[in-house]
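A.B. asks: So I've got this file, run09.pdb, and it contains PDB, C-alpha atoms, pLDDT in the B column:
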ATOM      1  CA  MET A   2      64.870 131.043  53.958  1.00 87.00           C
ATOM      2  CA  SER A   3      66.467 127.687  53.268  1.00 94.00           C
ATOM      3  CA  ALA A   4      64.359 124.536  52.947  1.00 93.00           C
ATOM      4  CA  ASP A   5      65.518 123.455  56.420  1.00 92.00           C
ATOM      5  CA  GLU A   6      64.468 126.797  57.909  1.00 95.00           C
ATOM      6  CA  VAL A   7      61.050 126.598  56.246  1.00 96.00           C
ATOM      7  CA  ARG A   8      60.510 123.076  57.546  1.00 96.00           C
ATOM      8  CA  ARG A   9      61.676 124.026  61.022  1.00 97.00           C
ATOM      9  CA  ALA A  10      59.210 126.939  61.099  1.00 98.00           C
ATOM     10  CA  GLU A  11      56.389 124.646  59.928  1.00 97.00           C
ATOM     11  CA  LEU A  12      57.145 122.052  62.584  1.00 98.00           C
ATOM     12  CA  ALA A  13      57.478 124.716  65.268  1.00 98.00           C
ATOM     13  CA  ALA A  14      54.063 126.182  64.443  1.00 98.00           C
ATOM     14  CA  ASN A  15      52.445 122.742  64.389  1.00 98.00           C
ATOM     15  CA  LEU A  16      54.098 121.869  67.694  1.00 98.00           C
ATOM     16  CA  VAL A  17      52.647 124.976  69.336  1.00 98.00           C
ATOM     17  CA  ARG A  18      49.171 124.024  68.114  1.00 98.00           C
ATOM     18  CA  VAL A  19      49.442 120.400  69.247  1.00 98.00           C
ATOM     19  CA  ARG A  20      50.749 121.336  72.678  1.00 98.00           C
ATOM     20  CA  ALA A  21      47.937 123.869  73.030  1.00 98.00           C
ATOM     21  CA  ARG A  22      45.400 121.136  72.241  1.00 98.00           C
ATOM     22  CA  ILE A  23      46.957 118.851  74.837  1.00 98.00           C
ATOM     23  CA  ASP A  24      46.951 121.605  77.466  1.00 98.00           C
ATOM     24  CA  ALA A  25      43.325 122.482  76.697  1.00 98.00           C
ATOM     25  CA  ALA A  26      42.322 118.822  76.984  1.00 98.00           C
ATOM     26  CA  ARG A  27      44.148 118.499  80.303  1.00 98.00           C
ATOM     27  CA  SER A  28      42.432 121.624  81.612  1.00 98.00           C
ATOM     28  CA  ALA A  29      39.001 120.436  80.463  1.00 98.00           C
ATOM     29  CA  ALA A  30      39.568 117.141  82.271  1.00 97.00           C
ATOM     30  CA  GLY A  31      40.742 118.887  85.436  1.00 98.00           C
ATOM     31  CA  ARG A  32      44.177 117.288  85.167  1.00 97.00           C
ATOM     32  CA  THR A  33      47.374 118.826  86.524  1.00 96.00           C
ATOM     33  CA  ASP A  34      49.747 116.024  85.515  1.00 97.00           C
ATOM     34  CA  GLU A  35      51.806 116.111  82.353  1.00 96.00           C
ATOM     35  CA  VAL A  36      50.897 114.382  79.088  1.00 98.00           C
ATOM     36  CA  THR A  37      53.852 113.234  76.991  1.00 98.00           C
ATOM     37  CA  LEU A  38      53.813 113.944  73.276  1.00 98.00           C
ATOM     38  CA  VAL A  39      55.228 111.100  71.180  1.00 98.00           C
ATOM     39  CA  ALA A  40      55.907 112.403  67.674  1.00 98.00           C
ATOM     40  CA  VAL A  41      55.152 109.590  65.203  1.00 98.00           C
ATOM     41  CA  THR A  42      57.528 110.192  62.320  1.00 97.00           C
ATOM     42  CA  LYS A  43      56.719 107.255  60.033  1.00 94.00           C
ATOM     43  CA  THR A  44      57.264 108.125  56.353  1.00 94.00           C
ATOM     44  CA  TYR A  45      59.200 111.277  57.334  1.00 96.00           C
ATOM     45  CA  PRO A  46      62.988 111.606  57.050  1.00 96.00           C
ATOM     46  CA  ALA A  47      65.512 111.546  59.866  1.00 97.00           C
ATOM     47  CA  SER A  48      66.067 115.261  59.268  1.00 97.00           C
ATOM     48  CA  ASP A  49      62.560 115.925  60.625  1.00 97.00           C
ATOM     49  CA  VAL A  50      63.413 113.947  63.750  1.00 98.00           C
ATOM     50  CA  GLY A  51      66.488 116.115  64.186  1.00 98.00           C
ATOM     51  CA  LEU A  52      64.460 119.304  63.785  1.00 98.00           C
ATOM     52  CA  LEU A  53      61.867 118.098  66.303  1.00 98.00           C
ATOM     53  CA  ALA A  54      64.650 117.289  68.750  1.00 98.00           C
ATOM     54  CA  ASP A  55      65.995 120.815  68.300  1.00 97.00           C
ATOM     55  CA  LEU A  56      62.493 122.107  69.098  1.00 98.00           C
ATOM     56  CA  GLY A  57      62.382 120.191  72.367  1.00 98.00           C
ATOM     57  CA  VAL A  58      60.533 117.016  71.368  1.00 98.00           C
ATOM     58  CA  SER A  59      62.101 114.206  73.382  1.00 98.00           C
ATOM     59  CA  ASP A  60      59.968 111.188  72.402  1.00 98.00           C
ATOM     60  CA  VAL A  61      59.674 109.828  68.856  1.00 98.00           C
ATOM     61  CA  GLY A  62      57.606 106.879  67.660  1.00 98.00           C
ATOM     62  CA  GLU A  63      58.079 104.650  64.633  1.00 98.00           C
ATOM     63  CA  ASN A  64      55.850 101.923  63.177  1.00 96.00           C
ATOM     64  CA  LYS A  65      58.202  99.930  60.974  1.00 97.00           C
ATOM     65  CA  ASP A  66      61.641  98.587  61.814  1.00 98.00           C
ATOM     66  CA  GLN A  67      62.934  99.107  58.271  1.00 97.00           C
ATOM     67  CA  GLU A  68      62.332 102.852  58.691  1.00 96.00           C
ATOM     68  CA  ALA A  69      63.135 103.145  62.361  1.00 98.00           C
ATOM     69  CA  ALA A  70      66.502 101.380  62.424  1.00 98.00           C
ATOM     70  CA  PRO A  71      68.299 103.713  59.977  1.00 98.00           C
ATOM     71  CA  LYS A  72      66.733 106.808  61.557  1.00 98.00           C
ATOM     72  CA  ALA A  73      67.856 105.707  65.002  1.00 98.00           C
ATOM     73  CA  ALA A  74      71.335 105.030  63.666  1.00 97.00           C
ATOM     74  CA  GLU A  75      71.482 108.554  62.244  1.00 97.00           C
ATOM     75  CA  ILE A  76      69.889 110.473  65.122  1.00 97.00           C
ATOM     76  CA  GLY A  77      71.108 108.315  67.997  1.00 95.00           C
ATOM     77  CA  ARG A  78      70.111 109.044  71.590  1.00 95.00           C
ATOM     78  CA  ARG A  79      69.041 112.643  71.040  1.00 97.00           C
ATOM     79  CA  VAL A  80      65.492 111.330  71.443  1.00 98.00           C
ATOM     80  CA  ARG A  81      63.760 108.500  73.252  1.00 98.00           C
ATOM     81  CA  TRP A  82      62.680 105.937  70.649  1.00 98.00           C
ATOM     82  CA  HIS A  83      59.254 104.302  70.907  1.00 98.00           C
ATOM     83  CA  PHE A  84      58.336 101.390  68.660  1.00 98.00           C
ATOM     84  CA  VAL A  85      54.565 101.713  68.238  1.00 98.00           C
ATOM     85  CA  GLY A  86      53.706  99.413  65.326  1.00 95.00           C
ATOM     86  CA  GLN A  87      52.814  95.740  65.313  1.00 94.00           C
ATOM     87  CA  LEU A  88      56.009  93.826  66.054  1.00 96.00           C
ATOM     88  CA  GLN A  89      56.835  90.438  64.570  1.00 94.00           C
ATOM     89  CA  ARG A  90      58.992  88.166  66.704  1.00 96.00           C
ATOM     90  CA  ASN A  91      61.622  87.912  63.964  1.00 97.00           C
ATOM     91  CA  LYS A  92      62.116  91.701  64.177  1.00 97.00           C
ATOM     92  CA  ALA A  93      62.632  91.754  67.932  1.00 98.00           C
ATOM     93  CA  LYS A  94      66.433  91.563  67.723  1.00 98.00           C
ATOM     94  CA  SER A  95      66.644  94.589  65.448  1.00 98.00           C
ATOM     95  CA  VAL A  96      64.082  96.671  67.380  1.00 98.00           C
ATOM     96  CA  ALA A  97      65.724  95.882  70.716  1.00 98.00           C
ATOM     97  CA  ALA A  98      68.945  97.503  69.502  1.00 98.00           C
ATOM     98  CA  TYR A  99      67.456 101.020  69.479  1.00 98.00           C
ATOM     99  CA  ALA A 100      63.966 101.112  71.036  1.00 98.00           C
ATOM    100  CA  ASP A 101      63.764 102.533  74.535  1.00 98.00           C
ATOM    101  CA  VAL A 102      60.054 101.695  74.699  1.00 98.00           C
ATOM    102  CA  VAL A 103      58.056  99.071  72.813  1.00 98.00           C
ATOM    103  CA  GLN A 104      54.378  99.990  72.951  1.00 98.00           C
ATOM    104  CA  SER A 105      52.968  96.991  71.082  1.00 97.00           C
ATOM    105  CA  VAL A 106      53.744  93.826  73.031  1.00 98.00           C
ATOM    106  CA  ASP A 107      50.576  91.733  72.944  1.00 97.00           C
ATOM    107  CA  SER A 108      51.532  88.132  73.669  1.00 97.00           C
ATOM    108  CA  VAL A 109      53.630  85.925  75.905  1.00 98.00           C
ATOM    109  CA  ARG A 110      55.666  84.700  72.931  1.00 98.00           C
ATOM    110  CA  LEU A 111      56.456  88.228  71.772  1.00 98.00           C
ATOM    111  CA  ALA A 112      57.461  89.239  75.300  1.00 98.00           C
ATOM    112  CA  ALA A 113      59.842  86.265  75.454  1.00 98.00           C
ATOM    113  CA  ALA A 114      61.390  87.102  72.069  1.00 98.00           C
ATOM    114  CA  LEU A 115      61.866  90.749  73.005  1.00 98.00           C
ATOM    115  CA  ASP A 116      63.361  89.791  76.371  1.00 98.00           C
ATOM    116  CA  ARG A 117      65.933  87.553  74.710  1.00 98.00           C
ATOM    117  CA  ALA A 118      66.750  90.254  72.167  1.00 98.00           C
ATOM    118  CA  ALA A 119      67.104  93.021  74.753  1.00 98.00           C
ATOM    119  CA  ASP A 120      69.273  90.810  76.944  1.00 98.00           C
ATOM    120  CA  GLY A 121      71.466  90.053  73.950  1.00 98.00           C
ATOM    121  CA  HIS A 122      72.025  93.774  73.440  1.00 98.00           C
ATOM    122  CA  GLY A 123      72.647  94.346  77.148  1.00 98.00           C
ATOM    123  CA  ARG A 124      69.647  96.666  77.384  1.00 98.00           C
ATOM    124  CA  VAL A 125      66.486  97.002  79.463  1.00 98.00           C
ATOM    125  CA  ILE A 126      63.406  98.029  77.456  1.00 98.00           C
ATOM    126  CA  GLU A 127      60.221  99.556  78.792  1.00 98.00           C
ATOM    127  CA  VAL A 128      57.132  97.715  77.592  1.00 98.00           C
ATOM    128  CA  LEU A 129      53.560  98.819  77.104  1.00 98.00           C
ATOM    129  CA  LEU A 130      51.096  96.013  76.567  1.00 98.00           C
ATOM    130  CA  GLN A 131      48.866  96.756  73.607  1.00 98.00           C
ATOM    131  CA  VAL A 132      45.249  96.122  74.588  1.00 97.00           C
ATOM    132  CA  SER A 133      42.634  95.009  72.089  1.00 96.00           C
ATOM    133  CA  LEU A 134      39.446  97.010  72.522  1.00 94.00           C
ATOM    134  CA  ASP A 135      37.451  95.023  69.960  1.00 89.00           C
ATOM    135  CA  GLY A 136      38.992  91.543  69.886  1.00 81.00           C
ATOM    136  CA  ASP A 137      40.020  91.875  66.222  1.00 76.00           C
ATOM    137  CA  PRO A 138      43.206  89.772  65.793  1.00 69.00           C
ATOM    138  CA  ALA A 139      44.196  91.679  62.653  1.00 71.00           C
ATOM    139  CA  ARG A 140      44.657  94.849  64.712  1.00 75.00           C
ATOM    140  CA  GLY A 141      46.788  93.199  67.373  1.00 86.00           C
ATOM    141  CA  GLY A 142      46.411  93.592  71.094  1.00 95.00           C
ATOM    142  CA  ALA A 143      46.256  91.393  74.170  1.00 97.00           C
ATOM    143  CA  LEU A 144      42.783  90.337  75.250  1.00 96.00           C
ATOM    144  CA  PRO A 145      41.501  91.630  78.603  1.00 96.00           C
ATOM    145  CA  GLY A 146      39.784  88.967  80.686  1.00 92.00           C
ATOM    146  CA  SER A 147      40.848  86.199  78.322  1.00 91.00           C
ATOM    147  CA  ALA A 148      42.183  82.849  79.528  1.00 87.00           C
ATOM    148  CA  ASP A 149      44.249  82.511  76.344  1.00 93.00           C
ATOM    149  CA  PRO A 150      47.732  81.547  77.652  1.00 96.00           C
ATOM    150  CA  ASP A 151      49.504  83.541  74.936  1.00 96.00           C
ATOM    151  CA  ARG A 152      47.233  86.465  74.048  1.00 95.00           C
ATOM    152  CA  GLY A 153      45.461  87.055  77.358  1.00 96.00           C
ATOM    153  CA  LEU A 154      46.350  90.383  78.974  1.00 97.00           C
ATOM    154  CA  ALA A 155      47.133  88.875  82.377  1.00 97.00           C
ATOM    155  CA  PRO A 156      49.515  86.164  81.055  1.00 98.00           C
ATOM    156  CA  ALA A 157      51.279  88.714  78.828  1.00 98.00           C
ATOM    157  CA  ALA A 158      51.726  91.042  81.810  1.00 98.00           C
ATOM    158  CA  GLU A 159      53.181  88.260  83.925  1.00 98.00           C
ATOM    159  CA  ALA A 160      55.571  87.356  81.112  1.00 98.00           C
ATOM    160  CA  VAL A 161      56.891  90.919  81.019  1.00 98.00           C
ATOM    161  CA  VAL A 162      57.118  91.163  84.814  1.00 98.00           C
ATOM    162  CA  GLY A 163      59.096  87.928  84.892  1.00 98.00           C
ATOM    163  CA  ALA A 164      61.493  88.984  82.130  1.00 98.00           C
ATOM    164  CA  SER A 165      65.013  90.034  83.046  1.00 98.00           C
ATOM    165  CA  ALA A 166      65.462  92.659  80.314  1.00 98.00           C
ATOM    166  CA  LEU A 167      61.965  94.159  80.184  1.00 98.00           C
ATOM    167  CA  ARG A 168      60.139  96.552  82.491  1.00 98.00           C
ATOM    168  CA  LEU A 169      56.348  96.733  82.506  1.00 98.00           C
ATOM    169  CA  ALA A 170      55.458 100.423  82.161  1.00 98.00           C
ATOM    170  CA  GLY A 171      51.755 100.346  81.298  1.00 98.00           C
ATOM    171  CA  LEU A 172      49.208  99.903  78.525  1.00 98.00           C
ATOM    172  CA  MET A 173      48.622 101.127  74.982  1.00 98.00           C
ATOM    173  CA  ALA A 174      45.553 101.007  72.760  1.00 97.00           C
ATOM    174  CA  VAL A 175      44.195 102.280  69.455  1.00 93.00           C
ATOM    175  CA  ALA A 176      40.538 103.260  69.122  1.00 92.00           C
ATOM    176  CA  PRO A 177      38.972 100.649  66.773  1.00 92.00           C
ATOM    177  CA  LEU A 178      37.676 101.828  63.421  1.00 86.00           C
ATOM    178  CA  GLY A 179      33.966 102.557  63.530  1.00 87.00           C
ATOM    179  CA  VAL A 180      33.875 102.981  67.305  1.00 90.00           C
ATOM    180  CA  GLU A 181      33.336 106.395  68.863  1.00 94.00           C
ATOM    181  CA  PRO A 182      36.725 107.346  70.412  1.00 94.00           C
ATOM    182  CA  ASP A 183      35.161 108.583  73.641  1.00 95.00           C
ATOM    183  CA  ARG A 184      33.502 105.214  74.133  1.00 96.00           C
ATOM    184  CA  ALA A 185      36.672 103.315  73.208  1.00 96.00           C
ATOM    185  CA  PHE A 186      38.871 105.262  75.605  1.00 97.00           C
ATOM    186  CA  ALA A 187      36.298 105.023  78.395  1.00 97.00           C
ATOM    187  CA  ARG A 188      36.572 101.252  78.007  1.00 96.00           C
ATOM    188  CA  LEU A 189      40.372 101.527  78.057  1.00 97.00           C
ATOM    189  CA  ALA A 190      40.206 103.527  81.295  1.00 98.00           C
ATOM    190  CA  GLU A 191      38.168 100.727  82.885  1.00 97.00           C
ATOM    191  CA  ILE A 192      40.713  98.131  81.748  1.00 98.00           C
ATOM    192  CA  ALA A 193      43.582 100.268  83.047  1.00 98.00           C
ATOM    193  CA  ALA A 194      41.940 100.715  86.446  1.00 98.00           C
ATOM    194  CA  ALA A 195      41.564  96.946  86.838  1.00 97.00           C
ATOM    195  CA  PHE A 196      45.106  96.374  85.551  1.00 98.00           C
ATOM    196  CA  HIS A 197      46.583  98.765  88.135  1.00 97.00           C
ATOM    197  CA  VAL A 198      45.206  96.641  90.972  1.00 97.00           C
ATOM    198  CA  ASP A 199      47.746  93.939  90.090  1.00 97.00           C
ATOM    199  CA  HIS A 200      50.391  96.246  88.567  1.00 98.00           C
ATOM    200  CA  PRO A 201      50.277  99.542  90.489  1.00 98.00           C
ATOM    201  CA  THR A 202      53.582 100.870  89.129  1.00 98.00           C
ATOM    202  CA  ALA A 203      52.588 100.361  85.466  1.00 98.00           C
ATOM    203  CA  THR A 204      51.052 103.823  85.179  1.00 97.00           C
ATOM    204  CA  VAL A 205      51.710 104.751  81.532  1.00 98.00           C
ATOM    205  CA  LEU A 206      48.608 104.858  79.344  1.00 98.00           C
ATOM    206  CA  SER A 207      49.371 105.527  75.673  1.00 98.00           C
ATOM    207  CA  ALA A 208      46.244 106.405  73.708  1.00 97.00           C
ATOM    208  CA  GLY A 209      45.088 108.993  71.239  1.00 95.00           C
ATOM    209  CA  MET A 210      46.348 110.224  67.910  1.00 95.00           C
ATOM    210  CA  SER A 211      45.956 113.410  65.894  1.00 95.00           C
ATOM    211  CA  ASP A 212      42.166 113.180  65.523  1.00 94.00           C
ATOM    212  CA  ASP A 213      41.209 111.896  68.966  1.00 96.00           C
ATOM    213  CA  LEU A 214      43.800 113.122  71.450  1.00 97.00           C
ATOM    214  CA  GLU A 215      41.192 115.133  73.377  1.00 97.00           C
ATOM    215  CA  ASN A 216      39.099 112.017  74.019  1.00 97.00           C
ATOM    216  CA  ALA A 217      42.166 110.089  75.120  1.00 98.00           C
ATOM    217  CA  VAL A 218      43.380 112.782  77.505  1.00 98.00           C
ATOM    218  CA  SER A 219      39.911 113.073  79.026  1.00 98.00           C
ATOM    219  CA  HIS A 220      40.120 109.374  79.921  1.00 98.00           C
ATOM    220  CA  GLY A 221      43.580 109.467  81.472  1.00 98.00           C
ATOM    221  CA  ALA A 222      46.082 109.045  78.650  1.00 98.00           C
ATOM    222  CA  THR A 223      49.582 109.897  79.844  1.00 98.00           C
ATOM    223  CA  HIS A 224      51.074 109.666  76.340  1.00 98.00           C
ATOM    224  CA  VAL A 225      49.561 110.662  72.982  1.00 98.00           C
ATOM    225  CA  ARG A 226      50.992 109.540  69.643  1.00 98.00           C
ATOM    226  CA  ILE A 227      50.804 112.411  67.158  1.00 98.00           C
ATOM    227  CA  GLY A 228      51.709 112.188  63.486  1.00 96.00           C
ATOM    228  CA  SER A 229      49.839 114.239  60.876  1.00 96.00           C
ATOM    229  CA  ALA A 230      48.857 117.115  63.189  1.00 97.00           C
ATOM    230  CA  LEU A 231      52.540 117.658  63.879  1.00 97.00           C
ATOM    231  CA  LEU A 232      54.297 116.666  60.661  1.00 96.00           C
ATOM    232  CA  GLY A 233      51.611 117.380  58.073  1.00 93.00           C
ATOM    233  CA  LYS A 234      50.123 115.275  55.307  1.00 80.00           C
ATOM    234  CA  ARG A 235      52.050 112.061  54.853  1.00 66.00           C
ATOM    235  CA  HIS A 236      54.283 111.621  51.819  1.00 58.00           C
ATOM    236  CA  TYR A 237      55.350 108.010  51.641  1.00 53.00           C
ATOM    237  CA  LEU A 238      59.013 107.290  51.224  1.00 48.00           C
ATOM    238  CA  GLY A 239      60.156 105.213  48.296  1.00 45.00           C
TER     239      GLY A 239
END
Would you kindly transcribe this structure into structure tokens?
C.D. replies:
Amino acid sequence: MSADEVRRAELAANLVRVRARIDAARSAAGRTDEVTLVAVTKTYPASDVGLLADLGVSDVGENKDQEAAPKAAEIGRRVRWHFVGQLQRNKAKSVAAYADVVQSVDSVRLAAALDRAADGHGRVIEVLLQVSLDGDPARGGALPGSADPDRGLAPAAEAVVGASALRLAGLMAVAPLGVEPDRAFARLAEIAAAFHVDHPTATVLSAGMSDDLENAVSHGATHVRIGSALLGKRHYLG
């Protein structure tokens, strides 16, 4: 077998296992709706994205623009590109050129920058507001219940709703380090329920990674972001 064939077989086997875990979690939670797998391909080459696309993976996530932009240029629209890492406003123009979904908008100022960038590219981008579950500014995330005019969840949501080139699709969160995932995602479910009162069409809930997808699915995640369980141990690109 060639190296490409070996890698394809490895990815295919991992994909079967990950999808089985998702299905088992859905069944355990009594859910009949679908859960979207977002393959997080940071540190992996564009060739892996192409192989995953061949295997039926339609959604791919990237954390860093300097990796994502060249991969998107090579692979193109074979997949739906999600930007899932912390986004600096000065990178908005580049990210808006290829991202179909930005999962990490967490402030009014970032929403405004992304709106301008998307409009400049003649595109409409789906936005997930990243929610902070612990209030740690280093981890990013809008603050539920906060009156902060920039970082509060409600002001950030209104900024996206009022933008011409953005569409509010839902929420995203990462379980904080040192917090039991089940507890973290239970809190996220409470935040999402309150959020849906004001934004009933923003139904996407992106939560859960390789180690905690079961907890996330049990609390209503519609999208899970899977890296190592699908692609294997990370080998950082030079």
A.B. asks: Find the residues near segment 31-43 of chain A: any atom within 7 Å, counting all atoms listed in the file, skip ones fewer than 5 places away on the same chain, and give them as a list in words.
C.D. replies: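 After dropping sequence-adjacent residues, the list is Asp60, Val61, Gly62, Glu63, Asn64, Thr223, His224, Val225, Arg226, Ile227 and Gly228 of chain A.
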A.B. asks: Since we have the selection now, will you write its residues out, keeping C-alpha atoms, as a JSON list (two decimals), in the frame of the given file?
C.D. replies:
[["chain", "number", "residue", "atom", "x", "y", "z"],
["A", 60, "ASP", "CA", 59.97, 111.19, 72.40],
["A", 61, "VAL", "CA", 59.67, 109.83, 68.86],
["A", 62, "GLY", "CA", 57.61, 106.88, 67.66],
["A", 63, "GLU", "CA", 58.08, 104.65, 64.63],
["A", 64, "ASN", "CA", 55.85, 101.92, 63.18],
["A", 223, "THR", "CA", 49.58, 109.90, 79.84],
["A", 224, "HIS", "CA", 51.07, 109.67, 76.34],
["A", 225, "VAL", "CA", 49.56, 110.66, 72.98],
["A", 226, "ARG", "CA", 50.99, 109.54, 69.64],
["A", 227, "ILE", "CA", 50.80, 112.41, 67.16],
["A", 228, "GLY", "CA", 51.71, 112.19, 63.49]]
A.B. asks: Selection in question (the file shown): the PyMOL selection byres ((chain A and resi 140-156) around 10). Which residues does it include, as a ChimeraX atom specification?
C.D. replies: /A:86-88,105-112,130-139,157-162,172-175,177-178,189,192-193,195-196,199
A.B. asks: Between atom CA of Ser207 of chain A and atom CA of Ala222 of chain A, what distance in Å does the model show, to one decimal?
C.D. replies: 5.7 Å
A.B. asks: As a check of understanding, name the residues that the PyMOL selection byres ((chain A and resi 103) around 7) selects in the supplied structure, as a list in words.
C.D. replies: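 In the shown coordinates, the PyMOL selection byres ((chain A and resi 103) around 7) covers His83, Phe84, Val85, Ala100, Asp101, Val102, Gln104, Ser105, Val106, Glu127, Val128 and Leu129 of chain A.
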A.B. asks: Is there a way to get, as a list in words, all residues within 6 Å of the point (63.0, 111.9, 73.5) in file coordinates, counting all atoms listed in the file?
C.D. replies: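 Residues found, by chain and rising number: Ser59, Asp60, Val80 and Arg81 of chain A.
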A.B. asks: Name the closest residue to Ala73 of chain A among the candidates A:Val180, A:Ala47, A:Ala187, A:Leu214; distances are taken between atoms, counting all atoms listed in the file.
C.D. replies: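 Looking at the shortest contact to Ala73 of chain A, the residue is A:Ala47.
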A.B. asks: Between atom CA of Ala194 of chain A and atom CA of Arg20 of chain A, what is the distance in Å, rounded to a tenth?
C.D. replies: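 Spanning atom CA of Ala194 of chain A to atom CA of Arg20 of chain A is a straight-line distance of 26.3 Å.
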